[in-house]
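Below is run-v6.cif, holding mmCIF, C-alpha atoms and all ligand atoms.
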```
data_query
#
loop_
_atom_site.label_atom_id
_atom_site.label_comp_id
_atom_site.auth_asym_id
_atom_site.auth_seq_id
_atom_site.Cartn_x
_atom_site.Cartn_y
_atom_site.Cartn_z
CA MET Q 128 111.91 92.54 -45.53
CA ASN Q 129 112.16 90.87 -42.16
CA ASN Q 130 110.51 93.68 -40.30
CA ARG Q 131 107.71 93.12 -37.91
CA PRO Q 132 105.82 95.39 -35.55
CA PRO Q 133 107.78 95.97 -32.35
CA PHE Q 134 107.00 93.99 -29.23
CA THR Q 135 105.25 96.08 -26.63
CA HIS Q 136 107.52 97.91 -24.19
CA LEU Q 137 106.20 95.65 -21.49
CA VAL Q 138 107.17 92.47 -23.33
CA GLN Q 139 110.54 93.87 -24.37
CA ALA Q 140 111.34 94.66 -20.75
CA LEU Q 141 110.50 91.19 -19.44
CA PRO Q 142 113.38 88.78 -18.85
CA GLN Q 143 113.35 85.49 -20.77
CA THR Q 144 112.87 83.33 -17.68
CA MET Q 145 110.80 80.29 -16.84
CA SER Q 146 109.67 79.69 -13.30
CA PHE Q 147 109.71 75.93 -13.68
CA ILE Q 148 111.79 73.36 -15.52
CA ASP Q 149 109.21 70.72 -16.39
CA PRO Q 150 109.87 66.99 -15.96
CA GLY Q 151 109.65 66.36 -19.72
CA THR Q 152 112.53 68.73 -20.32
CA LEU Q 153 114.54 66.97 -17.61
CA GLU Q 154 113.92 63.63 -19.31
CA ARG Q 155 114.95 64.93 -22.73
CA HIS Q 156 118.08 66.36 -21.15
CA SER Q 157 119.16 63.12 -19.46
CA GLY Q 158 117.88 60.90 -22.27
CA ARG Q 159 116.18 58.70 -19.66
CA ALA Q 160 112.69 58.39 -18.23
CA LEU Q 161 112.24 59.60 -14.68
CA LYS Q 162 111.90 56.84 -12.11
CA LEU Q 163 110.08 59.00 -9.61
CA ARG Q 164 108.16 62.16 -10.41
CA LEU Q 165 107.84 63.85 -7.03
CA GLY Q 166 108.58 67.46 -7.89
CA ALA Q 167 105.29 69.06 -8.93
CA ASN Q 168 102.87 67.97 -6.20
CA GLU Q 169 100.81 66.00 -8.68
CA SER Q 170 98.63 63.37 -7.04
CA SER Q 171 100.05 59.87 -6.86
CA PHE Q 172 96.64 58.57 -5.87
CA GLY Q 173 94.83 58.82 -9.17
CA ILE Q 174 91.38 60.18 -9.94
CA SER Q 175 87.89 59.16 -8.90
CA PRO Q 176 86.52 56.25 -10.95
CA TYR Q 177 83.39 58.41 -11.46
CA ALA Q 178 85.59 61.06 -13.07
CA ARG Q 179 87.32 58.52 -15.29
CA GLU Q 180 84.00 57.18 -16.54
CA ALA Q 181 82.51 60.63 -17.15
CA MET Q 182 85.58 61.82 -19.00
CA ARG Q 183 85.68 58.72 -21.22
CA GLU Q 184 82.08 59.37 -22.22
CA ALA Q 185 82.77 63.05 -22.88
CA VAL Q 186 85.31 62.12 -25.56
CA GLU Q 187 82.32 61.27 -27.76
CA CYS Q 188 81.11 64.87 -27.56
CA LEU Q 189 84.36 66.63 -28.37
CA THR Q 190 83.06 67.95 -31.67
CA LEU Q 191 80.91 70.30 -29.60
CA TYR Q 192 82.20 73.34 -27.78
CA ALA Q 193 82.13 73.05 -24.02
CA ASP Q 194 79.61 75.01 -21.96
CA PRO Q 195 81.21 78.47 -21.57
CA GLN Q 196 79.23 78.94 -18.35
CA SER Q 197 80.39 75.66 -16.78
CA TYR Q 198 76.80 75.73 -15.54
CA ASP Q 199 76.48 72.24 -14.05
CA LEU Q 200 79.80 72.45 -12.28
CA ARG Q 201 79.05 75.90 -10.89
CA ALA Q 202 75.63 74.76 -9.71
CA LYS Q 203 77.18 71.88 -7.79
CA LEU Q 204 79.95 74.07 -6.35
CA ALA Q 205 77.42 76.69 -5.29
CA SER Q 206 75.44 74.11 -3.36
CA ILE Q 207 78.56 72.63 -1.74
CA HIS Q 208 79.83 76.04 -0.59
CA GLY Q 209 76.44 77.56 0.24
CA ILE Q 210 76.88 80.45 -2.19
CA THR Q 211 75.22 81.52 -5.42
CA MET Q 212 76.46 80.64 -8.89
CA LYS Q 213 77.11 84.34 -9.36
CA ASN Q 214 79.89 84.04 -6.81
CA LEU Q 215 81.77 81.54 -8.96
CA VAL Q 216 83.88 81.50 -12.08
CA VAL Q 217 85.53 78.39 -13.51
CA GLY Q 218 88.92 78.66 -15.20
CA SER Q 219 91.56 76.36 -16.61
CA GLY Q 220 93.32 75.99 -13.28
CA ILE Q 221 94.39 78.43 -10.61
CA ASP Q 222 97.25 79.59 -12.82
CA ASP Q 223 94.70 80.89 -15.33
CA LEU Q 224 92.54 82.46 -12.63
CA ILE Q 225 95.47 84.28 -11.04
CA GLY Q 226 96.03 85.93 -14.41
CA LEU Q 227 92.39 86.93 -14.58
CA VAL Q 228 92.50 88.52 -11.12
CA VAL Q 229 95.72 90.40 -11.84
CA ARG Q 230 94.40 91.63 -15.18
CA THR Q 231 91.20 92.83 -13.52
CA PHE Q 232 92.81 94.69 -10.64
CA ILE Q 233 96.39 95.71 -11.50
CA GLN Q 234 97.08 98.67 -13.76
CA ARG Q 235 100.55 99.57 -14.95
CA GLY Q 236 102.84 100.39 -12.03
CA GLU Q 237 100.39 99.32 -9.36
CA VAL Q 238 101.69 97.23 -6.52
CA ALA Q 239 101.14 93.62 -5.52
CA VAL Q 240 102.60 92.05 -2.39
CA THR Q 241 103.61 88.43 -1.88
CA SER Q 242 106.04 86.40 0.21
CA PHE Q 243 109.64 86.15 -0.99
CA GLY Q 244 109.89 82.69 -2.54
CA ALA Q 245 106.13 82.02 -2.70
CA TYR Q 246 104.38 80.29 -5.64
CA PRO Q 247 105.89 82.09 -8.65
CA THR Q 248 103.01 82.07 -11.17
CA PHE Q 249 101.53 85.07 -9.39
CA ASN Q 250 104.76 86.99 -9.97
CA ASP Q 251 104.77 86.08 -13.66
CA HIS Q 252 101.26 87.46 -14.12
CA VAL Q 253 101.97 90.67 -12.20
CA MET Q 254 105.06 91.28 -14.34
CA GLY Q 255 103.16 90.32 -17.48
CA TYR Q 256 100.45 92.90 -16.81
CA GLY Q 257 102.93 95.64 -15.89
CA GLY Q 258 102.45 95.62 -12.13
CA GLN Q 259 105.10 96.09 -9.52
CA LEU Q 260 106.00 93.29 -7.11
CA HIS Q 261 107.03 93.67 -3.51
CA PHE Q 262 108.25 90.77 -1.43
CA VAL Q 263 107.99 90.10 2.29
CA PRO Q 264 110.34 87.48 3.74
CA TYR Q 265 108.94 84.36 5.34
CA LYS Q 266 109.13 84.26 9.11
CA ASP Q 267 110.42 80.91 10.36
CA TYR Q 268 109.07 79.23 7.22
CA TYR Q 269 105.58 80.70 7.70
CA ASN Q 270 104.01 83.46 5.63
CA ASP Q 271 104.47 86.59 7.75
CA LEU Q 272 100.85 87.73 7.88
CA GLN Q 273 101.58 90.85 9.87
CA GLY Q 274 104.50 91.80 7.62
CA LEU Q 275 102.44 91.18 4.50
CA GLY Q 276 99.52 93.24 5.83
CA GLU Q 277 101.74 96.14 6.88
CA THR Q 278 103.68 96.15 3.62
CA ALA Q 279 100.48 96.07 1.58
CA ALA Q 280 99.12 99.03 3.56
CA ARG Q 281 102.36 101.03 3.38
CA LEU Q 282 102.74 100.56 -0.39
CA LYS Q 283 99.02 100.97 -1.12
CA ALA Q 284 99.04 97.56 -2.77
CA ARG Q 285 96.07 96.42 -4.84
CA ILE Q 286 96.59 92.72 -4.24
CA LEU Q 287 98.04 90.76 -1.35
CA TYR Q 288 98.64 87.22 -2.60
CA LEU Q 289 98.71 84.51 0.03
CA VAL Q 290 98.95 80.75 -0.41
CA ASN Q 291 97.41 78.87 2.52
CA PRO Q 292 98.39 76.10 3.15
CA ASP Q 293 101.60 77.34 1.61
CA ASN Q 294 103.69 76.13 -1.28
CA PRO Q 295 106.72 75.62 -1.13
CA THR Q 296 106.87 75.34 2.67
CA GLY Q 297 103.69 73.37 3.37
CA THR Q 298 103.01 75.42 6.49
CA ASN Q 299 99.56 76.83 7.23
CA HIS Q 300 97.83 79.56 9.18
CA THR Q 301 94.53 79.19 11.01
CA SER Q 302 91.40 80.86 9.75
CA ALA Q 303 91.43 83.07 12.88
CA SER Q 304 94.80 84.54 11.82
CA LEU Q 305 93.53 85.03 8.27
CA GLN Q 306 90.45 86.79 9.65
CA MET Q 307 92.69 89.25 11.49
CA LEU Q 308 94.63 89.93 8.29
CA ILE Q 309 91.39 90.56 6.39
CA GLU Q 310 90.13 92.96 9.02
CA GLN Q 311 93.33 94.99 8.78
CA LEU Q 312 93.32 95.11 4.99
CA SER Q 313 92.91 98.60 3.54
CA PRO Q 314 89.77 99.14 1.43
CA GLU Q 315 91.94 99.49 -1.70
CA CYS Q 316 93.57 96.08 -1.26
CA LEU Q 317 92.39 92.64 -2.15
CA LEU Q 318 93.37 89.39 -0.44
CA LEU Q 319 93.94 86.80 -3.15
CA LEU Q 320 93.89 83.55 -1.22
CA ASP Q 321 95.32 80.61 -3.14
CA GLU Q 322 93.87 77.45 -1.60
CA ALA Q 323 95.35 74.86 -3.95
CA TYR Q 324 96.02 72.56 -0.96
CA ILE Q 325 93.01 73.34 1.20
CA ASP Q 326 91.61 69.80 0.89
CA PHE Q 327 94.61 68.47 2.83
CA ALA Q 328 94.44 71.05 5.61
CA PRO Q 329 92.91 70.69 9.08
CA THR Q 330 89.46 72.28 9.44
CA GLU Q 331 90.73 75.20 11.57
CA THR Q 332 92.65 76.36 8.46
CA VAL Q 333 89.50 76.76 6.37
CA LEU Q 334 88.28 80.33 6.47
CA PRO Q 335 84.47 80.44 6.32
CA ILE Q 336 83.36 81.63 2.91
CA ASP Q 337 81.94 85.15 2.94
CA PRO Q 338 80.95 85.91 -0.66
CA ASN Q 339 79.83 89.39 0.37
CA ASN Q 340 83.30 90.54 1.30
CA PRO Q 341 84.46 92.21 -1.93
CA ARG Q 342 88.08 92.25 -0.77
CA VAL Q 343 88.64 88.49 -0.63
CA ILE Q 344 89.02 86.17 -3.63
CA ARG Q 345 89.52 82.45 -3.04
CA LEU Q 346 91.14 80.17 -5.60
CA ARG Q 347 90.57 76.41 -5.63
CA THR Q 348 91.73 73.67 -7.98
CA PHE Q 349 91.02 70.09 -9.03
CA SER Q 350 94.74 69.62 -9.75
CA LYS Q 351 95.95 68.43 -6.38
CA ALA Q 352 93.67 66.38 -4.12
CA TYR Q 353 91.32 65.45 -7.00
CA GLY Q 354 94.27 64.42 -9.16
CA LEU Q 355 93.15 66.28 -12.30
CA ALA Q 356 96.26 68.41 -12.90
CA GLY Q 357 96.46 67.48 -16.57
CA ALA Q 358 92.80 68.37 -17.18
CA ARG Q 359 93.37 72.02 -16.15
CA ILE Q 360 90.38 73.14 -14.13
CA GLY Q 361 89.86 75.27 -11.05
CA TYR Q 362 87.54 77.99 -9.78
CA ALA Q 363 87.44 81.33 -8.02
CA ILE Q 364 84.98 82.38 -5.33
CA ALA Q 365 84.39 86.12 -5.14
CA SER Q 366 81.71 88.78 -4.71
CA GLN Q 367 79.09 88.96 -7.48
CA GLU Q 368 80.42 92.30 -8.65
CA THR Q 369 83.94 90.91 -9.05
CA ILE Q 370 82.71 87.81 -10.86
CA ALA Q 371 80.73 90.06 -13.21
CA ALA Q 372 83.93 91.99 -13.94
CA PHE Q 373 85.74 88.73 -14.73
CA GLU Q 374 82.95 87.84 -17.14
CA LYS Q 375 83.84 90.87 -19.27
CA ILE Q 376 87.38 89.75 -19.99
CA ARG Q 377 87.85 86.06 -19.30
CA LEU Q 378 88.51 83.46 -21.98
CA HIS Q 379 84.99 82.06 -22.22
CA PHE Q 380 85.88 78.84 -24.01
CA GLY Q 381 89.14 78.21 -22.17
CA VAL Q 382 87.89 75.28 -20.07
CA ASN Q 383 87.46 72.03 -21.93
CA ARG Q 384 84.51 69.66 -21.83
CA ILE Q 385 86.48 66.72 -20.43
CA ALA Q 386 87.76 68.77 -17.53
CA GLN Q 387 84.26 70.06 -16.75
CA VAL Q 388 82.67 66.62 -16.48
CA GLY Q 389 85.70 65.18 -14.69
CA ALA Q 390 85.55 67.90 -12.05
CA LEU Q 391 81.80 67.54 -11.61
CA ALA Q 392 81.97 63.76 -11.27
CA SER Q 393 84.81 64.12 -8.74
CA LEU Q 394 82.57 66.23 -6.54
CA HIS Q 395 80.13 63.33 -6.45
CA ASP Q 396 82.77 61.05 -4.98
CA PRO Q 397 83.72 62.43 -1.55
CA GLU Q 398 84.80 58.96 -0.48
CA PHE Q 399 87.59 58.93 -3.05
CA LEU Q 400 88.75 62.35 -1.85
CA CYS Q 401 88.84 61.10 1.76
CA HIS Q 402 90.88 58.13 0.68
CA THR Q 403 93.45 60.35 -1.03
CA ILE Q 404 93.65 62.71 1.93
CA SER Q 405 94.29 59.94 4.43
CA ALA Q 406 96.85 58.26 2.14
CA VAL Q 407 98.67 61.59 1.91
CA GLU Q 408 98.61 61.96 5.68
CA GLN Q 409 100.25 58.56 6.07
CA GLY Q 410 102.85 59.54 3.49
CA ARG Q 411 103.78 62.73 5.32
CA HIS Q 412 104.39 60.63 8.40
CA ASP Q 413 106.67 58.24 6.48
CA TYR Q 414 108.74 61.09 5.05
CA GLU Q 415 109.07 62.59 8.51
CA ILE Q 416 110.57 59.37 9.84
CA LEU Q 417 112.92 59.18 6.85
CA ALA Q 418 114.07 62.79 7.30
CA ARG Q 419 114.69 62.30 11.01
CA GLU Q 420 116.62 59.11 10.40
CA GLN Q 421 118.96 61.11 8.14
CA GLY Q 422 119.36 63.84 10.75
CA PHE Q 423 117.13 66.38 8.98
CA SER Q 424 114.05 68.14 10.24
CA ILE Q 425 110.85 68.53 8.32
CA LEU Q 426 108.57 71.57 8.13
CA PRO Q 427 105.04 70.98 9.40
CA SER Q 428 102.93 70.29 6.32
CA ALA Q 429 99.23 70.65 5.62
CA THR Q 430 99.68 69.70 1.95
CA ASN Q 431 100.51 66.75 -0.32
CA PHE Q 432 104.25 67.42 -0.07
CA VAL Q 433 106.83 67.98 2.61
CA ALA Q 434 109.77 70.33 2.79
CA ILE Q 435 112.80 68.65 4.36
CA ASN Q 436 115.15 71.14 5.94
CA THR Q 437 118.71 70.08 5.15
CA GLY Q 438 120.17 73.02 7.09
CA CYS Q 439 122.22 74.41 4.20
CA SER Q 440 121.41 75.53 0.66
CA LYS Q 441 124.53 73.96 -0.88
CA ARG Q 442 123.54 70.66 0.63
CA ALA Q 443 119.96 71.00 -0.60
CA LYS Q 444 121.20 71.74 -4.13
CA ALA Q 445 123.58 68.79 -4.06
CA ILE Q 446 120.80 66.48 -2.92
CA VAL Q 447 118.37 67.65 -5.61
CA LYS Q 448 121.11 67.20 -8.21
CA GLY Q 449 122.09 63.79 -6.85
CA LEU Q 450 118.47 62.66 -6.90
CA LEU Q 451 118.03 63.86 -10.47
CA GLU Q 452 121.14 61.93 -11.53
CA ARG Q 453 119.32 58.90 -10.15
CA ASP Q 454 116.20 59.86 -12.16
CA VAL Q 455 114.28 61.17 -9.18
CA PHE Q 456 112.56 64.51 -9.77
CA VAL Q 457 112.04 66.72 -6.72
CA ARG Q 458 112.25 70.50 -6.45
CA MET Q 459 113.67 73.00 -4.03
CA PRO Q 460 112.73 76.60 -3.37
CA SER Q 461 115.26 79.04 -4.83
CA ALA Q 462 114.77 81.97 -2.46
CA PRO Q 463 116.82 82.07 0.74
CA PRO Q 464 116.33 80.99 3.46
CA LEU Q 465 113.84 78.49 2.00
CA ASP Q 466 116.60 77.18 -0.27
CA GLN Q 467 117.89 75.01 2.57
CA CYS Q 468 114.88 72.80 1.93
CA ILE Q 469 114.03 70.18 -0.63
CA ARG Q 470 110.36 69.71 -1.48
CA ILE Q 471 109.05 66.23 -2.07
CA THR Q 472 105.57 65.26 -3.20
CA ILE Q 473 103.88 62.48 -1.23
CA GLY Q 474 104.04 59.39 -3.43
CA THR Q 475 102.27 56.04 -3.07
CA SER Q 476 103.75 53.72 -0.45
CA GLN Q 477 105.71 51.99 -3.19
CA GLU Q 478 107.04 55.29 -4.49
CA ARG Q 479 107.93 56.29 -0.94
CA ASN Q 480 109.88 53.08 -0.42
CA THR Q 481 111.79 53.56 -3.65
CA PHE Q 482 112.45 57.18 -2.72
CA ALA Q 483 113.70 56.20 0.74
CA GLU Q 484 116.07 53.63 -0.77
CA ILE Q 485 117.56 56.08 -3.25
CA PHE Q 486 117.69 58.91 -0.70
CA ARG Q 487 119.58 56.77 1.81
CA GLU Q 488 121.93 55.42 -0.80
CA LEU Q 489 122.67 58.94 -2.06
CA LEU Q 490 123.39 60.32 1.38
CA VAL Q 491 125.63 57.39 2.33
CA SER Q 492 127.56 57.21 -0.94
CA ASP Q 493 128.23 60.92 -1.09
CA LYS Q 494 129.21 61.40 2.53
CA GLY Q 495 132.79 62.59 2.57
CA VAL Q 496 132.62 63.61 -1.08
CA ASN Q 497 129.95 66.10 -2.22
CA PHE Q 498 128.44 66.14 1.22
CA SER Q 499 131.67 66.53 3.18
CA PHE Q 500 130.04 69.35 5.08
CA ILE Q 501 127.31 67.08 6.45
C1 LIG X 601 99.85 73.58 -7.89
C2 LIG X 601 99.53 74.97 -7.54
C3 LIG X 601 98.72 75.75 -8.36
C4 LIG X 601 98.32 75.28 -9.73
O1 LIG X 601 97.01 75.08 -9.79
P1 LIG X 601 96.35 74.76 -11.22
O2 LIG X 601 94.91 74.75 -10.87
O3 LIG X 601 96.88 73.43 -11.65
O4 LIG X 601 96.72 75.86 -12.14
C5 LIG X 601 98.36 77.01 -7.94
N1 LIG X 601 98.80 77.51 -6.78
C6 LIG X 601 99.62 76.80 -5.97
C7 LIG X 601 100.08 77.39 -4.70
C8 LIG X 601 100.02 75.52 -6.35
O5 LIG X 601 100.87 74.86 -5.59
#
```

How does the structure come out when it is put into structure tokens?
Ligand SMILES: *Cc1c(COP(=O)(O)O)cnc(C)c1O
Amino acid sequence: MNNRPPFTHLVQALPQTMSFIDPGTLERHSGRALKLRLGANESSFGISPYAREAMREAVECLTLYADPQSYDLRAKLASIHGITMKNLVVGSGIDDLIGLVVRTFIQRGEVAVTSFGAYPTFNDHVMGYGGQLHFVPYKDYYNDLQGLGETAARLKARILYLVNPDNPTGTNHTSASLQMLIEQLSPECLLLLDEAYIDFAPTETVLPIDPNNPRVIRLRTFSKAYGLAGARIGYAIASQETIAAFEKIRLHFGVNRIAQVGALASLHDPEFLCHTISAVEQGRHDYEILAREQGFSILPSATNFVAINTGCSKRAKAIVKGLLERDVFVRMPSAPPLDQCIRITIGTSQERNTFAEIFRELLVSDKGVNFSFI
């Protein structure tokens, strides 16, 4: 009576895990609203007023399906990046596009390489499509480019996934180092370069776009610097052949109309982007002073968050827990040795002041108790 077809072997074999506990779940658990939401690297600096206006207007057209080609947005992106529209696909965020890349390139049992403790959505997709993951440890909180390249070659990996600037560390490699990695890549391996934070990075980090290199795929998003995380929109830059392959299998109506016009309008407001980037820079500086004052160091960041190194994973855990008890949401990496760090999104100056107050109070009040090892 209650029978159903069996789940696929692949699904049966997957563990019931979730990479992230979302802030809503945390609020339901505590029964209180969060005071500070600084755990998901969402922008505290809002969205472009152009985007707000365009998205409000688009509400009136929601009876119509969105443009499955994202034509206008792709046309604008092509002109900004000096590539053709055939080098671009728009998806509902990088998370969606990572899935598309993995599905296109990884067959059952094939290998993908990533850093141990790197952005976990990639891992979820590789597992979900039956691939095999191999991890390379970070080297002094930087992605170990040489280690990643060598491991990918040794294991005949199909995809080497690299986040630059990195999450969760915030550290970044120069485009010259990336170029060396690309040159050493075997012909059977793809570099999947996740550039979610590229807008915050110094120019020497930005690898020139070469749409004719079939072994590099770049992923960009409107979620971070443009502040459109809840709209779900991002894009991939790749060779025409690869984009054509994506076209065969992607979810053609997966990107909504509001996100499309919001993203396009944002691109017409570079001033707003500059404002956000410089506000974030100021915020990184403030957090650095705060961390130093408390005797912690901070990893160099080219992103809209900082990782504070507390020197000990127990201490980091206790701090994240203590902050959550005070309704402050931050995250920490779970993989050692990154788990000595806590990761805090750059808030507005008001949010930063509130954070500093609570952080200081927590560290003082718990000294000699939970933090006796400080
Ligand atoms: C935030 C983040 C993403 C998510 O991007 P979406 O476009 O919102 O899916 C992807 N990769 C990294 C490294 C991130 O930090």

>> Considering all atoms listed in the file, can you say which of Q:Asp223, Q:Glu374, Q:Asp413, Q:Glu478 comes closest to ligand LIG 601 (chain X)?
In response: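 Among the listed residues, the smallest separation from ligand LIG 601 (chain X) belongs to Q:Asp223.
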
Quick one: what's the axis-aligned box for segment 132-139 of chain Q, all listed atoms, 5 Å on every side, centre and edges in Å to one decimal, as lines of an AutoDock Vina configuration file?
```
center_x = 107.9
center_y = 95.2
center_z = -28.5
size_x = 15.3
size_y = 15.4
size_z = 24.1
```

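Distances to Asp194 of chain Q were evaluated for Q:Ile148, Q:Ile385, Q:Leu308, Q:Ala363 using only C-alpha atoms, and the minimum falls at Q:Ile385.
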
>> Taking all atoms listed in the file into account, list the residues no farther than 10 Å from ligand LIG 601 (chain X), as number ranges by chain.
In response: Q: 167-169, 218-225, 245-249, 289-295, 297, 320-324, 346-351, 354-362, 430-432

Please, could you write that set of residues out with C-alpha atoms as a PDB file, keeping the file's coordinate frame?
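Below is the file selection.pdb, written as the result:
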```pdb
ATOM      1  CA  ALA Q 167     105.290  69.060  -8.930  1.00  0.00           C
ATOM      2  CA  ASN Q 168     102.870  67.970  -6.200  1.00  0.00           C
ATOM      3  CA  GLU Q 169     100.810  66.000  -8.680  1.00  0.00           C
ATOM      4  CA  GLY Q 218      88.920  78.660 -15.200  1.00  0.00           C
ATOM      5  CA  SER Q 219      91.560  76.360 -16.610  1.00  0.00           C
ATOM      6  CA  GLY Q 220      93.320  75.990 -13.280  1.00  0.00           C
ATOM      7  CA  ILE Q 221      94.390  78.430 -10.610  1.00  0.00           C
ATOM      8  CA  ASP Q 222      97.250  79.590 -12.820  1.00  0.00           C
ATOM      9  CA  ASP Q 223      94.700  80.890 -15.330  1.00  0.00           C
ATOM     10  CA  LEU Q 224      92.540  82.460 -12.630  1.00  0.00           C
ATOM     11  CA  ILE Q 225      95.470  84.280 -11.040  1.00  0.00           C
ATOM     12  CA  ALA Q 245     106.130  82.020  -2.700  1.00  0.00           C
ATOM     13  CA  TYR Q 246     104.380  80.290  -5.640  1.00  0.00           C
ATOM     14  CA  PRO Q 247     105.890  82.090  -8.650  1.00  0.00           C
ATOM     15  CA  THR Q 248     103.010  82.070 -11.170  1.00  0.00           C
ATOM     16  CA  PHE Q 249     101.530  85.070  -9.390  1.00  0.00           C
ATOM     17  CA  LEU Q 289      98.710  84.510   0.030  1.00  0.00           C
ATOM     18  CA  VAL Q 290      98.950  80.750  -0.410  1.00  0.00           C
ATOM     19  CA  ASN Q 291      97.410  78.870   2.520  1.00  0.00           C
ATOM     20  CA  PRO Q 292      98.390  76.100   3.150  1.00  0.00           C
ATOM     21  CA  ASP Q 293     101.600  77.340   1.610  1.00  0.00           C
ATOM     22  CA  ASN Q 294     103.690  76.130  -1.280  1.00  0.00           C
ATOM     23  CA  PRO Q 295     106.720  75.620  -1.130  1.00  0.00           C
ATOM     24  CA  GLY Q 297     103.690  73.370   3.370  1.00  0.00           C
ATOM     25  CA  LEU Q 320      93.890  83.550  -1.220  1.00  0.00           C
ATOM     26  CA  ASP Q 321      95.320  80.610  -3.140  1.00  0.00           C
ATOM     27  CA  GLU Q 322      93.870  77.450  -1.600  1.00  0.00           C
ATOM     28  CA  ALA Q 323      95.350  74.860  -3.950  1.00  0.00           C
ATOM     29  CA  TYR Q 324      96.020  72.560  -0.960  1.00  0.00           C
ATOM     30  CA  LEU Q 346      91.140  80.170  -5.600  1.00  0.00           C
ATOM     31  CA  ARG Q 347      90.570  76.410  -5.630  1.00  0.00           C
ATOM     32  CA  THR Q 348      91.730  73.670  -7.980  1.00  0.00           C
ATOM     33  CA  PHE Q 349      91.020  70.090  -9.030  1.00  0.00           C
ATOM     34  CA  SER Q 350      94.740  69.620  -9.750  1.00  0.00           C
ATOM     35  CA  LYS Q 351      95.950  68.430  -6.380  1.00  0.00           C
ATOM     36  CA  GLY Q 354      94.270  64.420  -9.160  1.00  0.00           C
ATOM     37  CA  LEU Q 355      93.150  66.280 -12.300  1.00  0.00           C
ATOM     38  CA  ALA Q 356      96.260  68.410 -12.900  1.00  0.00           C
ATOM     39  CA  GLY Q 357      96.460  67.480 -16.570  1.00  0.00           C
ATOM     40  CA  ALA Q 358      92.800  68.370 -17.180  1.00  0.00           C
ATOM     41  CA  ARG Q 359      93.370  72.020 -16.150  1.00  0.00           C
ATOM     42  CA  ILE Q 360      90.380  73.140 -14.130  1.00  0.00           C
ATOM     43  CA  GLY Q 361      89.860  75.270 -11.050  1.00  0.00           C
ATOM     44  CA  TYR Q 362      87.540  77.990  -9.780  1.00  0.00           C
ATOM     45  CA  THR Q 430      99.680  69.700   1.950  1.00  0.00           C
ATOM     46  CA  ASN Q 431     100.510  66.750  -0.320  1.00  0.00           C
ATOM     47  CA  PHE Q 432     104.250  67.420  -0.070  1.00  0.00           C
TER      48      PHE Q 432
END
```

>> Just want the 10 Å neighbourhood of Ile233 of chain Q, counted on all atoms listed in the file, with same-chain residues fewer than 4 positions away dropped. Output as a PyMOL selection string.
In response: chain Q and resi 228-229+237-239+252-253+256-259+284-286

>> I need the residue nearest Arg201 of chain Q from this list: Q:Gln387, Q:Ser476, Q:Gln421, Q:Gln234. Use all atoms listed in the file for the distance.
In response: Q:Gln387

>> Calculated over all atoms listed in the file, which of the candidates Q:Asn214, Q:Asn270, Q:Thr475, Q:Thr278 has the smallest distance to Ala202 of chain Q?
In response: Q:Asn214

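Checking Q:Ile325, Q:Leu489, Q:Leu137, Q:Leu227 one by one against Ala429 of chain Q, counting only C-alpha atoms, you find the shortest gap at Q:Ile325.
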
> Do you know which residues lie at most 8 Å from (87.6, 76.2, 11.7), with coordinates as in the file and all atoms listed in the file counted, and could you write them as a ChimeraX atom specification?
Replying inline: /Q:301-303,330-335

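Of note, atom CA of His208 of chain Q and atom CA of Ile336 of chain Q are spaced 7.5 Å apart.
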
> Around (80.2, 69.7, -5.5) in the file's frame, which residues reach within 10 Å when counting all atoms listed in the file? Return as a list of chain:residue names?
Replying inline: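 Residues with an atom at most 10 Å from (80.2, 69.7, -5.5): Q:Asp199, Q:Leu200, Q:Arg201, Q:Ala202, Q:Lys203, Q:Leu204, Q:Ala205, Q:Ser206, Q:Ile207, Q:His208, Q:Ala390, Q:Leu391, Q:Ala392, Q:Ser393, Q:Leu394, Q:His395, Q:Asp396, Q:Pro397.
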
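The residue that comes closest to Glu368 of chain Q, out of Q:Arg345, Q:Lys448, Q:Lys213, Q:Arg384 and on the basis of all atoms listed in the file, is Q:Lys213.
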
Shell around Gln477 of chain Q at 12 Å using only C-alpha atoms, local window under 5 positions removed, as a tab-separated table (two decimals) with C-alpha atoms, keeping the file's coordinate frame:
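File written: out07.tsv
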```
chain	number	residue	atom	x	y	z
Q	162	LYS	CA	111.90	56.84	-12.11
Q	163	LEU	CA	110.08	59.00	-9.61
Q	171	SER	CA	100.05	59.87	-6.86
Q	172	PHE	CA	96.64	58.57	-5.87
Q	410	GLY	CA	102.85	59.54	3.49
Q	413	ASP	CA	106.67	58.24	6.48
Q	482	PHE	CA	112.45	57.18	-2.72
Q	483	ALA	CA	113.70	56.20	0.74
Q	484	GLU	CA	116.07	53.63	-0.77
```

> In Å to one decimal, how far is atom CA of Leu215 of chain Q from atom CA of Gly244 of chain Q?
Replying inline: 28.9 Å
